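Here the structure is laid out as structure tokens; the discussion comes afterwards.
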Amino acid sequence: MDLSTLRSGGKAALARALAQLERAPDAAETVALLDAAYAEPLAHVVGMTGPPGVGKSTLMNALIGGWRARGRRVACIAVDPSSRRSGGALLGDRTRLSTDPEDQDIFVRSMAARDRLGGLAALTISSMVLMRALYDVVLIETVGVGQSETDVVGVADTVLFCVQPGSGDSLQFMKAGIAEIPHVVVVTKADMEQAARRARSDVLGALSLGGSDEVDNWQVPVLMVSSMRREGVDDLIAAIDGHRDFLQDGDQLSAARHAQAEQWLTEAVRERWGREGIARAGDLSLPAGQSPFHRLALLNDKLKFAL
């Protein structure tokens with residue numbers, strides 16, 4: 001399957017391509033497809049993280065509706081906790097979304113986090129690269145943020161951090177590493193009114209105390225959203241679009257994606273070949289525009305004979 005076939009084949013073709021990624025990630029056909037998709041990005045990639053129960057799936061539903069009302073094609077990756085018995089996704093966010101299954105411009109895929117601690121599934125990045133070449137927006141929902149589950153920064157262009165009123169999330173937000181994640185902070189369940197306003201005030205204070213109210217010269221907005229009432233969703237989409245425009249105007253988007261690709265390559269080599277593989281691989285920097293998938297295939301061929 002090539003990229004043009006994938007683009008003309010709709011959701012069924014993408015489902016087959018994702019199955020191929022999982023079944024034969026190192027096959028020449030898979031690598032060629034990923035190389036082509038990596039070279040032709042279309043979508044803005046949005047990552048959504050926050051503690052379990054904060055309302056990420058409900059917010060995802062609201063954002064999908066808002067983007068589709070604007071005529072944008074949307075793909076979603078929902079990373080769920082894993083079943084210890086089967087290894088599959090436990091919650092299955094697709095069952096909780098009120099999307100039209102006949103709409104060819106919405107694609108939702110649940111993925112199991114399995115034994116990964118970073119909040120993402122092993123196939124998230126390669127799946128994102130395929131979706132990024134097909135849709136206008138790719139939304140990635142993590143399994144839930146803790147102090148180690150911050151990998152979403154390495155895959156998304158814009159990161160949303162969700163805070164729930166009255167839960168103490170603002171204190172969690174102040175912990176090292178968490179306050180540095182988001183480009184937009186969302187106080188969910190804004191219909192709780194006074195508690196939501198207090199949570200927003202707490203987050204603003206945490207940001208200023210931590211010196212993280214700006215990320216790379218971007219002023220981090222803290223918005224209140226009620227997904228159930230569809231209040232604040234338009235403002236959130238405007239803030240996401242604003243960050244996209246900020247990245248594009250400052251020519252930061254391509255640089256950030258290049259850094260993400262190099263990070264993914266290093267982690268992929270470490271995961272398969274360990275520290276010795278990293279040492280033998282040598283320089284893992286990527287020339288501008290080079291696909292990390294092609295480079296990884298070459299390294300795998302080299303290291304399987306060296307180790």
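Residues are named by chain letter and number: chains run A, B, ... in the order of the structure tokens, numbers start at 1 in each chain, and ligands are numbered from 1 in the order shown.
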Give me the residues near A:Leu21 as a VMD selection string, where near means some atom within 9 Å (using only C-alpha atoms) and where sequence neighbours in that chain fewer than 6 positions away do not count. chain A and resid 27 30 to 31 123 126 to 127
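The environment of A:Arg295 within 10 Å, counting only C-alpha atoms and disregarding residues fewer than 4 places along the same chain, consists of Val31, Asp35, Leu265, Leu284, Ser285, Leu286, Gln290, Ser291, Leu299 and Asn300 of chain A.
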Write out the residues from the selection above, keeping N, CA and C atoms, as a PDB file, in the first residue's frame.
```pdb
ATOM      1  N   VAL A  31       7.972   0.491   5.952  1.00  0.00           N
ATOM      2  CA  VAL A  31       8.940   1.581   6.076  1.00  0.00           C
ATOM      3  C   VAL A  31       8.757   2.592   4.948  1.00  0.00           C
ATOM      4  N   ASP A  35       7.882   6.473   5.449  1.00  0.00           N
ATOM      5  CA  ASP A  35       8.770   7.488   4.874  1.00  0.00           C
ATOM      6  C   ASP A  35       7.972   8.506   4.067  1.00  0.00           C
ATOM      7  N   LEU A 265      13.920   8.129  17.266  1.00  0.00           N
ATOM      8  CA  LEU A 265      14.924   7.216  16.725  1.00  0.00           C
ATOM      9  C   LEU A 265      15.819   6.672  17.839  1.00  0.00           C
ATOM     10  N   LEU A 284      23.260   9.583  16.049  1.00  0.00           N
ATOM     11  CA  LEU A 284      21.851   9.334  15.735  1.00  0.00           C
ATOM     12  C   LEU A 284      21.115  10.605  15.315  1.00  0.00           C
ATOM     13  N   SER A 285      21.868  11.646  15.008  1.00  0.00           N
ATOM     14  CA  SER A 285      21.215  12.854  14.502  1.00  0.00           C
ATOM     15  C   SER A 285      20.723  12.600  13.077  1.00  0.00           C
ATOM     16  N   LEU A 286      19.652  13.303  12.704  1.00  0.00           N
ATOM     17  CA  LEU A 286      19.052  13.134  11.382  1.00  0.00           C
ATOM     18  C   LEU A 286      19.316  14.368  10.521  1.00  0.00           C
ATOM     19  N   GLN A 290      15.208  13.949   6.621  1.00  0.00           N
ATOM     20  CA  GLN A 290      15.350  12.483   6.538  1.00  0.00           C
ATOM     21  C   GLN A 290      14.372  11.794   7.465  1.00  0.00           C
ATOM     22  N   SER A 291      13.762  10.739   6.993  1.00  0.00           N
ATOM     23  CA  SER A 291      12.800   9.990   7.789  1.00  0.00           C
ATOM     24  C   SER A 291      13.510   9.146   8.849  1.00  0.00           C
ATOM     25  N   LEU A 299      19.771   1.004  10.542  1.00  0.00           N
ATOM     26  CA  LEU A 299      20.472   0.695  11.789  1.00  0.00           C
ATOM     27  C   LEU A 299      20.168  -0.726  12.256  1.00  0.00           C
ATOM     28  N   ASN A 300      18.913  -1.154  12.090  1.00  0.00           N
ATOM     29  CA  ASN A 300      18.563  -2.516  12.484  1.00  0.00           C
ATOM     30  C   ASN A 300      19.378  -3.543  11.692  1.00  0.00           C
TER      31      ASN A 300
END
```
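Nearest residue to A:Arg197, choosing from A:Ile181, A:Ala255, A:Gly166, A:Ala39 and counting only C-alpha atoms: A:Gly166.
For the pair atom CA of A:Asp2 and atom CA of A:Glu29, the separation is 8.1 Å.
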Compile the contact shell of A:Arg72 as a compact mmCIF listing (two decimals) with C-alpha atoms, in the first residue's frame: residues with an atom at most 12 Å away, counting only C-alpha atoms, same-chain residues fewer than 6 positions apart removed.
```txt
# COMPACT_ATOMS: atom_id res chain seq x y z
CA LEU A 42 -0.76 17.91 6.79
CA ALA A 43 -2.28 17.83 10.26
CA HIS A 44 -1.77 19.82 13.40
CA LEU A 63 -13.33 18.97 20.31
CA ILE A 64 -14.16 16.51 17.54
CA GLY A 65 -17.59 18.12 17.19
CA GLY A 66 -16.07 21.60 17.11
CA ASP A 103 -18.41 10.02 8.69
CA GLN A 104 -15.30 9.25 6.63
CA ASP A 105 -13.57 12.35 8.01
CA ILE A 106 -13.43 11.05 11.60
CA LEU A 134 -4.21 12.21 5.90
CA TYR A 135 -6.16 14.51 8.23
CA ASP A 136 -6.34 18.17 9.28
CA VAL A 137 -6.09 17.49 13.01
CA VAL A 138 -4.68 14.51 14.91
CA ILE A 237 -10.11 25.59 19.62
```
Write out as a list in words which residues come within 7 Å of A:Val187 when counting only C-alpha atoms, dropping same-chain ones fewer than 4 positions away. Cys162, Val163, Gln164, Pro165, Ala196, Arg200, Leu223, Met224 and Val225 of chain A
